[in-house]
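Notes for the one structure printed next.
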Amino acid sequence: MRAAELRRLVQHHADLYHRLDAPEIPDADYDALVAELRALEERYPQLAEPDSPAAAVGAAPSELFAPVAHDIPMMSLDNAFDIGELRAWDARAASRLDRPVGPYVCELKFDGLAISVRYERGKLVRAATRGDGRVGENVTHNVATIADVPDTLGTDAPEVLEVRGEVYMAISAFERLNKAREAASEARHAKPRPYVNPRNTAAGSLRQKKAAVTAERELSWWCYQLGAMSGGPQLGRHSETLEFLASLGLPVNDDWLLAENLAAVEDYVVRAEQRRHAHDYETDGVVVKVDDFALHAELGTTSRHPRWAVAYKFAPEERSTKLMDIQVSIGGKGKATPFAVLEPVFVGGSTVEKATLHNEDQVETKDVRPGDTVVVRKAGDVIPEVLRPVLSERPEGLPAWVFPEFCPCPNRSPLVREEGDAAHHCRHPHCPAQQAGAIEHFASRAAMDIEGLGERTVELLIAEGLLTDVADLYSLEVADLEGLERFGSLKARNLVDGIEASKQRSLARLLFGLNIRHLGAAVGEYLAHAVADDLPDDPDAVDDLDRIARASKEDLAEVPGVGPTIAASVRSFFDHPDNQRVIGKLRTARVNCAGPAPPEAGEAARATLADMSIVVTGTLENYSREKAAAAISARGGRAPGSVSGNTTAVVAGASPGTSKLTKAEKLGVPILDERSFEHLLATGELP
Ligand code: IVH
C-alpha cells in the first residue's frame, strides 16, 4: 500500500536527516514524499494514522542531550514552491482577514538548523534545538562556543528574552574543514571521506558531546524571530523586532526588506534567487512574514504552521534521478570520457540528461553504478554533476561499472589507460568516433572557425560517406549537401562558403586544428611564430607548415614553449602517412599553410586576455599548469592560484579542486572546460 510505503520512507529519511544529520536524498525529494503522503492522508482520512510522520514537524529529540520543552512551540513554515503558490498563500490570508495582508517582511531563508536561545537579565542561560517543535534538546554548552551568539546582552536587555535563529556553517568554513579532513586522511593514507554539505555538518557539529569539538567547527548564527519575552519594549511589528534584536547586539542579517505589497515581495524573491551564490552561506529560499503582530493573532496557526508566514523555496539545485547507463564518448584525440546517462530531471533551472563522470577513478570514487538512483547537482550555470548514489535504493547485487575494454566505434579497438594517466584513449587511426571529434575540433571557433559544422552535422556527413578526414571538407559542394536531412539550399551554401573562408585562417589555427596530441592553441602559435625565428632554414620545404613538418625532434624541442614531449608528438604526427596525405589534400585545396600571422594580428592575439584573471584547476590534457599559465600571461592575462572576486574565469580539467569550483559558482565566475579555454586563448572571448 502506497501510504504505508510512504510513511516508512518519510520516517526513514526524517531520521537520517534529523537524528543522524546524514541525509541520503535531496530535500526536494523529501518534500515531495511528505507532500504525497499528506495528500493521500487528506484524500483518504481513513488511511491517516495519529502518529504519521507527515504530522510531525521534525523527528523526536535524540536522547543525547536533556529535553527542553519550548514555552512557545517552534513551528515550521508552510512552503510555496513558485510565485503562484506564494500568491495563493497571500490570497488565503487576505480572505481570512477580509482585507489586504501587507506590509510584509522578507528575509533570506538560511539553510542550517533552528535553535532557540534564552537570555535572562541579559545573560545566556539556555539554548535548545527545535526537536519535534514542542520539545528540543539542550545544547547550551555547544551554542555558547559560537562566536556570533553573545554570552551577555547590554544592560537594556529585557528580563527574559528567548530568541530564535539559524545555526549554520559558512561555506568558506566548510571548505576549510574539508581541506583539513583531506590532509588528515592523506597523512593516514586513508581514503578521504568529505563532509557532504554545510548544513548537515553544522547540525553534526552542534550535537557533539564535547563542546571543545563544536568550538573548533567555526559555526555561525543568524537570528530572525522572537520567542518568549518579558520586560522588554512593546513591539507591534516584526520589522521593529528585527531592529530591536540588532540593537541588542544579536546577529540579524541585513538583507531583510519591509515590502509594502506582494509585488515588492515577488521582486525580492526573484532577486534573492539570482543572488543566491553571492553569499558565504547557503540559502534555500525566502521567508515572508506578515509585519503586523495584530494580524498574526487574527490569522493564527494550523496544527503545523503559522498562517502569517510562508517559506518560498528556491528551485532545488539537487535532485535524485535514475542513472540509466554509463557510456563513454570519444574526443578528437581519442580520449574516452565516461558520462552518466540520466533519466531526465529538472534541476538548477534546466533539464539534465547527461553529466560527465570525467574518468575511471571518478566513477570508482563516487561508486555510482548503472541502475542506481543518484543525486544530481546543478547550481546556476555550472556544469551538472553526479554527486553520489542513494545507497538505500540500490537494487541488491547491482554490479559496479567497469570501464569498457573497447571503443564504441565499429573498429572496436582497445581503450588503453597508460601508466600515470587518468584517462583512457582509443589509439586507432581510423576510429570514426575519433574522426567526428577531430573534425568538430578542426571546425571549432578556436581552430578553423567554420560556422554551421556542429556535432550532429559532422556525424551526418560521416554517415553519408562525405567525410573521412578534415581535408574532405574542402571538396564538399552545395550539390552534395542539398537534400540531406536538415539541409536546404541556403544552409548548404552557407556551409560551403564558411568552409571556403576558413582557408585563410592563420597557420597557428591550422596547427591547432589538426588535433596533434599535446598541441593546444598556445603551442600552435609558438610553432607558427617559430618558423621565422627559431627553426633552421630548409630550402626543400614547400611552405611554412612543411618546415615544421620536416623539422627534427631536437629542433622542435628547442622552440620556446614546446619541449621534448610535444616535439615527439608533433614529429610522430607528421611522420604518419595518413596525416601526410591529409596535409597534401589541404595544400591542394589551397588552405593557408604559410605563417606566421601578420604582425598586427599577432600583436592583437597576444593581448587577447588583457586584464583577465584566469584560474586553472585540475589536470588539462594539453597544458601542464605552467604551460597554461604561460599561455595566459603571453596574452596579457594573469593566472593566480585562487579564485576571488576579480577572477574572470576558472578552467577546470579532470579532478578539479572542489573548493575552487564552489567558490567560482558562488561568485558567479564562469567555469570553462579545456575546449572553451582554448577558444578563450584564441579569441579572448568567453564562450
Ligand atoms: S521563521 C514560525 N525565518 O526555516 C516561524 N525561519 O521551515 C519560524 N529558517 O524552522 C521560523 N531562515 O529553521 C524563519 N529567516 C528565517 C529563516 C527560517 C531559515 C528555517 C528555520 C525554520 C524553517 C521553516
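Naming scheme: A, B, ... for chains in displayed order of the C-alpha cells; residues 1 onward per chain; ligands 1 onward as shown.
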Per residue of chain A within 9 Å of ligand 1, which atom pair is closest and at what distance in Å (one decimal), using only C-alpha atoms and all ligand atoms, listed by chain and increasing number, as JSON lines?
```
{"residue": "A:Pro73", "atom": "CA", "partner": "ligand 1", "partner_atom_place_in_ligand_line": "2 (C)", "distance": 8.6}
{"residue": "A:Met74", "atom": "CA", "partner": "ligand 1", "partner_atom_place_in_ligand_line": "2 (C)", "distance": 6.4}
{"residue": "A:Met75", "atom": "CA", "partner": "ligand 1", "partner_atom_place_in_ligand_line": "2 (C)", "distance": 4.9}
{"residue": "A:Ser76", "atom": "CA", "partner": "ligand 1", "partner_atom_place_in_ligand_line": "24 (C)", "distance": 4.3}
{"residue": "A:Leu77", "atom": "CA", "partner": "ligand 1", "partner_atom_place_in_ligand_line": "7 (O)", "distance": 4.2}
{"residue": "A:Asp78", "atom": "CA", "partner": "ligand 1", "partner_atom_place_in_ligand_line": "7 (O)", "distance": 6.8}
{"residue": "A:Asn79", "atom": "CA", "partner": "ligand 1", "partner_atom_place_in_ligand_line": "7 (O)", "distance": 7.4}
{"residue": "A:Cys106", "atom": "CA", "partner": "ligand 1", "partner_atom_place_in_ligand_line": "15 (N)", "distance": 8.0}
{"residue": "A:Glu107", "atom": "CA", "partner": "ligand 1", "partner_atom_place_in_ligand_line": "15 (N)", "distance": 4.9}
{"residue": "A:Leu108", "atom": "CA", "partner": "ligand 1", "partner_atom_place_in_ligand_line": "15 (N)", "distance": 5.2}
{"residue": "A:Lys109", "atom": "CA", "partner": "ligand 1", "partner_atom_place_in_ligand_line": "12 (N)", "distance": 3.4}
{"residue": "A:Phe110", "atom": "CA", "partner": "ligand 1", "partner_atom_place_in_ligand_line": "19 (C)", "distance": 4.1}
{"residue": "A:Asp111", "atom": "CA", "partner": "ligand 1", "partner_atom_place_in_ligand_line": "19 (C)", "distance": 5.9}
{"residue": "A:Gly112", "atom": "CA", "partner": "ligand 1", "partner_atom_place_in_ligand_line": "13 (O)", "distance": 6.5}
{"residue": "A:Leu113", "atom": "CA", "partner": "ligand 1", "partner_atom_place_in_ligand_line": "13 (O)", "distance": 5.1}
{"residue": "A:Ala114", "atom": "CA", "partner": "ligand 1", "partner_atom_place_in_ligand_line": "13 (O)", "distance": 4.0}
{"residue": "A:Ile115", "atom": "CA", "partner": "ligand 1", "partner_atom_place_in_ligand_line": "13 (O)", "distance": 7.6}
{"residue": "A:Arg130", "atom": "CA", "partner": "ligand 1", "partner_atom_place_in_ligand_line": "10 (O)", "distance": 7.5}
{"residue": "A:Gly133", "atom": "CA", "partner": "ligand 1", "partner_atom_place_in_ligand_line": "10 (O)", "distance": 8.8}
{"residue": "A:Arg164", "atom": "CA", "partner": "ligand 1", "partner_atom_place_in_ligand_line": "11 (C)", "distance": 7.8}
{"residue": "A:Gly165", "atom": "CA", "partner": "ligand 1", "partner_atom_place_in_ligand_line": "18 (C)", "distance": 6.9}
{"residue": "A:Glu166", "atom": "CA", "partner": "ligand 1", "partner_atom_place_in_ligand_line": "13 (O)", "distance": 5.9}
{"residue": "A:Val167", "atom": "CA", "partner": "ligand 1", "partner_atom_place_in_ligand_line": "13 (O)", "distance": 8.6}
{"residue": "A:Trp222", "atom": "CA", "partner": "ligand 1", "partner_atom_place_in_ligand_line": "15 (N)", "distance": 8.1}
{"residue": "A:Cys223", "atom": "CA", "partner": "ligand 1", "partner_atom_place_in_ligand_line": "15 (N)", "distance": 7.6}
{"residue": "A:Tyr224", "atom": "CA", "partner": "ligand 1", "partner_atom_place_in_ligand_line": "15 (N)", "distance": 5.3}
{"residue": "A:Gln225", "atom": "CA", "partner": "ligand 1", "partner_atom_place_in_ligand_line": "1 (S)", "distance": 5.9}
{"residue": "A:Leu226", "atom": "CA", "partner": "ligand 1", "partner_atom_place_in_ligand_line": "8 (C)", "distance": 8.9}
{"residue": "A:Asn253", "atom": "CA", "partner": "ligand 1", "partner_atom_place_in_ligand_line": "15 (N)", "distance": 8.7}
{"residue": "A:Trp256", "atom": "CA", "partner": "ligand 1", "partner_atom_place_in_ligand_line": "15 (N)", "distance": 8.6}
{"residue": "A:Thr283", "atom": "CA", "partner": "ligand 1", "partner_atom_place_in_ligand_line": "12 (N)", "distance": 7.8}
{"residue": "A:Asp284", "atom": "CA", "partner": "ligand 1", "partner_atom_place_in_ligand_line": "19 (C)", "distance": 8.2}
{"residue": "A:Gly285", "atom": "CA", "partner": "ligand 1", "partner_atom_place_in_ligand_line": "12 (N)", "distance": 8.0}
{"residue": "A:Val286", "atom": "CA", "partner": "ligand 1", "partner_atom_place_in_ligand_line": "15 (N)", "distance": 7.1}
{"residue": "A:Val287", "atom": "CA", "partner": "ligand 1", "partner_atom_place_in_ligand_line": "15 (N)", "distance": 5.4}
{"residue": "A:Val288", "atom": "CA", "partner": "ligand 1", "partner_atom_place_in_ligand_line": "3 (N)", "distance": 8.0}
{"residue": "A:Lys289", "atom": "CA", "partner": "ligand 1", "partner_atom_place_in_ligand_line": "1 (S)", "distance": 7.9}
{"residue": "A:His305", "atom": "CA", "partner": "ligand 1", "partner_atom_place_in_ligand_line": "2 (C)", "distance": 6.6}
{"residue": "A:Pro306", "atom": "CA", "partner": "ligand 1", "partner_atom_place_in_ligand_line": "2 (C)", "distance": 5.9}
{"residue": "A:Trp308", "atom": "CA", "partner": "ligand 1", "partner_atom_place_in_ligand_line": "2 (C)", "distance": 8.4}
{"residue": "A:Ala309", "atom": "CA", "partner": "ligand 1", "partner_atom_place_in_ligand_line": "5 (C)", "distance": 6.7}
{"residue": "A:Val310", "atom": "CA", "partner": "ligand 1", "partner_atom_place_in_ligand_line": "7 (O)", "distance": 8.2}
{"residue": "A:Ala311", "atom": "CA", "partner": "ligand 1", "partner_atom_place_in_ligand_line": "7 (O)", "distance": 6.4}
```
DSSP on the backbone, strand (DSSP E) only: what residues of stretch 276-369 of chain A does that give? Format it as a PyMOL selection string. chain A and resi 283-290+309-313+318-330+335-347+350-356
Write the residues you've just listed into a file as a CSV table (one decimal), in the first residue's frame, and include C-alpha atoms for each of them.
```
chain,number,residue,atom,x,y,z
A,283,THR,CA,20.1,29.9,1.4
A,284,ASP,CA,17.3,27.8,0.1
A,285,GLY,CA,14.5,30.3,-0.1
A,286,VAL,CA,12.9,33.5,1.3
A,287,VAL,CA,10.7,33.6,4.4
A,288,VAL,CA,7.8,36.1,4.0
A,289,LYS,CA,6.3,37.2,7.3
A,290,VAL,CA,3.3,39.5,7.9
A,309,ALA,CA,4.4,33.4,7.3
A,310,VAL,CA,5.4,31.3,4.4
A,311,ALA,CA,8.7,29.9,3.1
A,312,TYR,CA,9.2,30.5,-0.6
A,313,LYS,CA,11.6,27.8,-1.8
A,318,GLU,CA,20.0,18.9,-6.1
A,319,ARG,CA,17.6,16.2,-7.3
A,320,SER,CA,17.7,12.5,-7.4
A,321,THR,CA,17.2,10.5,-10.6
A,322,LYS,CA,17.9,7.2,-12.2
A,323,LEU,CA,21.4,6.5,-13.6
A,324,MET,CA,20.3,4.6,-16.7
A,325,ASP,CA,23.7,3.9,-18.1
A,326,ILE,CA,27.4,5.0,-18.1
A,327,GLN,CA,28.7,5.4,-21.6
A,328,VAL,CA,32.0,6.7,-23.0
A,329,SER,CA,32.4,9.5,-25.5
A,330,ILE,CA,35.5,9.6,-27.7
A,335,LYS,CA,40.2,10.4,-25.2
A,336,ALA,CA,37.5,8.2,-23.8
A,337,THR,CA,35.4,10.1,-21.2
A,338,PRO,CA,32.7,8.3,-19.2
A,339,PHE,CA,29.4,10.1,-18.9
A,340,ALA,CA,26.2,9.5,-17.0
A,341,VAL,CA,23.0,8.9,-19.0
A,342,LEU,CA,20.3,10.0,-16.7
A,343,GLU,CA,16.6,9.8,-16.6
A,344,PRO,CA,15.9,13.5,-17.5
A,345,VAL,CA,15.5,15.6,-14.4
A,346,PHE,CA,14.7,19.3,-13.9
A,347,VAL,CA,17.3,20.7,-11.6
A,350,SER,CA,17.2,23.2,-16.6
A,351,THR,CA,16.7,19.6,-17.6
A,352,VAL,CA,19.7,17.4,-17.2
A,353,GLU,CA,20.1,14.2,-19.2
A,354,LYS,CA,23.9,13.7,-19.3
A,355,ALA,CA,26.7,14.6,-16.9
A,356,THR,CA,30.4,13.9,-17.3
```
When you look at A:Val615 with a cut-off of 9 Å (counting only C-alpha atoms), what residues show up, excluding the ones that are within fewer than 4 positions of it in the same chain? I need them as a PyMOL selection string. chain A and resi 629+638-643+647-652+660
Write out as a JSON list (two decimals) with N, CA, C and O atoms, in the first residue's frame each polymer residue whose atoms come within 10 Å of A:Asp90, counting only C-alpha atoms; drop sequence neighbours fewer than 4 positions from it.
```
[["chain", "number", "residue", "atom", "x", "y", "z"],
["A", 84, "GLY", "N", 3.02, 31.37, -7.95],
["A", 84, "GLY", "CA", 1.59, 31.07, -7.87],
["A", 84, "GLY", "C", 1.22, 30.63, -6.45],
["A", 84, "GLY", "O", 0.20, 31.08, -5.90],
["A", 85, "GLU", "N", 2.03, 29.77, -5.87],
["A", 85, "GLU", "CA", 1.73, 29.30, -4.51],
["A", 85, "GLU", "C", 1.90, 30.41, -3.48],
["A", 85, "GLU", "O", 1.20, 30.45, -2.47],
["A", 86, "LEU", "N", 2.84, 31.32, -3.76],
["A", 86, "LEU", "CA", 3.02, 32.47, -2.87],
["A", 86, "LEU", "C", 1.76, 33.34, -2.90],
["A", 86, "LEU", "O", 1.23, 33.78, -1.87],
["A", 94, "ALA", "N", -5.61, 36.88, 3.05],
["A", 94, "ALA", "CA", -6.44, 38.07, 2.84],
["A", 94, "ALA", "C", -7.91, 37.71, 2.99],
["A", 94, "ALA", "O", -8.70, 38.47, 3.57],
["A", 95, "SER", "N", -8.28, 36.53, 2.52],
["A", 95, "SER", "CA", -9.70, 36.20, 2.60],
["A", 95, "SER", "C", -10.08, 35.89, 4.06],
["A", 95, "SER", "O", -11.18, 36.19, 4.50],
["A", 96, "ARG", "N", -9.16, 35.36, 4.83],
["A", 96, "ARG", "CA", -9.42, 35.13, 6.26],
["A", 96, "ARG", "C", -9.60, 36.44, 6.99],
["A", 96, "ARG", "O", -10.44, 36.56, 7.89],
["A", 100, "PRO", "N", -6.53, 43.38, 2.74],
["A", 100, "PRO", "CA", -5.17, 43.05, 2.30],
["A", 100, "PRO", "C", -4.25, 42.76, 3.49],
["A", 100, "PRO", "O", -4.47, 43.25, 4.60],
["A", 101, "VAL", "N", -3.19, 41.98, 3.21],
["A", 101, "VAL", "CA", -2.36, 41.45, 4.29],
["A", 101, "VAL", "C", -1.16, 42.32, 4.63],
["A", 101, "VAL", "O", -0.74, 42.40, 5.77],
["A", 102, "GLY", "N", -0.56, 43.01, 3.60],
["A", 102, "GLY", "CA", 0.71, 43.70, 3.77],
["A", 102, "GLY", "C", 0.66, 44.79, 4.83],
["A", 102, "GLY", "O", -0.43, 45.08, 5.35],
["A", 262, "LEU", "N", 2.53, 42.76, -2.29],
["A", 262, "LEU", "CA", 3.02, 41.46, -2.76],
["A", 262, "LEU", "C", 3.95, 41.61, -3.97],
["A", 262, "LEU", "O", 4.86, 40.80, -4.16],
["A", 290, "VAL", "N", 4.17, 38.31, 7.74],
["A", 290, "VAL", "CA", 3.29, 39.47, 7.86],
["A", 290, "VAL", "C", 3.90, 40.37, 8.94],
["A", 290, "VAL", "O", 4.34, 39.88, 9.99],
["A", 307, "ARG", "N", -0.19, 30.86, 9.96],
["A", 307, "ARG", "CA", -0.73, 31.33, 8.67],
["A", 307, "ARG", "C", -0.14, 32.67, 8.29],
["A", 307, "ARG", "O", -0.35, 33.15, 7.19],
["A", 308, "TRP", "N", 0.63, 33.29, 9.21],
["A", 308, "TRP", "CA", 1.16, 34.63, 8.95],
["A", 308, "TRP", "C", 2.56, 34.61, 8.32],
["A", 308, "TRP", "O", 3.20, 35.65, 8.19],
["A", 309, "ALA", "N", 3.03, 33.45, 7.96],
["A", 309, "ALA", "CA", 4.35, 33.38, 7.32],
["A", 309, "ALA", "C", 4.36, 32.24, 6.32],
["A", 309, "ALA", "O", 3.58, 31.29, 6.44],
["A", 310, "VAL", "N", 5.25, 32.33, 5.37],
["A", 310, "VAL", "CA", 5.39, 31.25, 4.38],
["A", 310, "VAL", "C", 6.85, 31.20, 3.93],
["A", 310, "VAL", "O", 7.54, 32.22, 3.94]]
```
Spatial neighbours of stretch 548-553 of chain A, 6 Å, only C-alpha atoms, chain gap at least 4 places, as a PyMOL selection string: chain A and resi 567-568+574
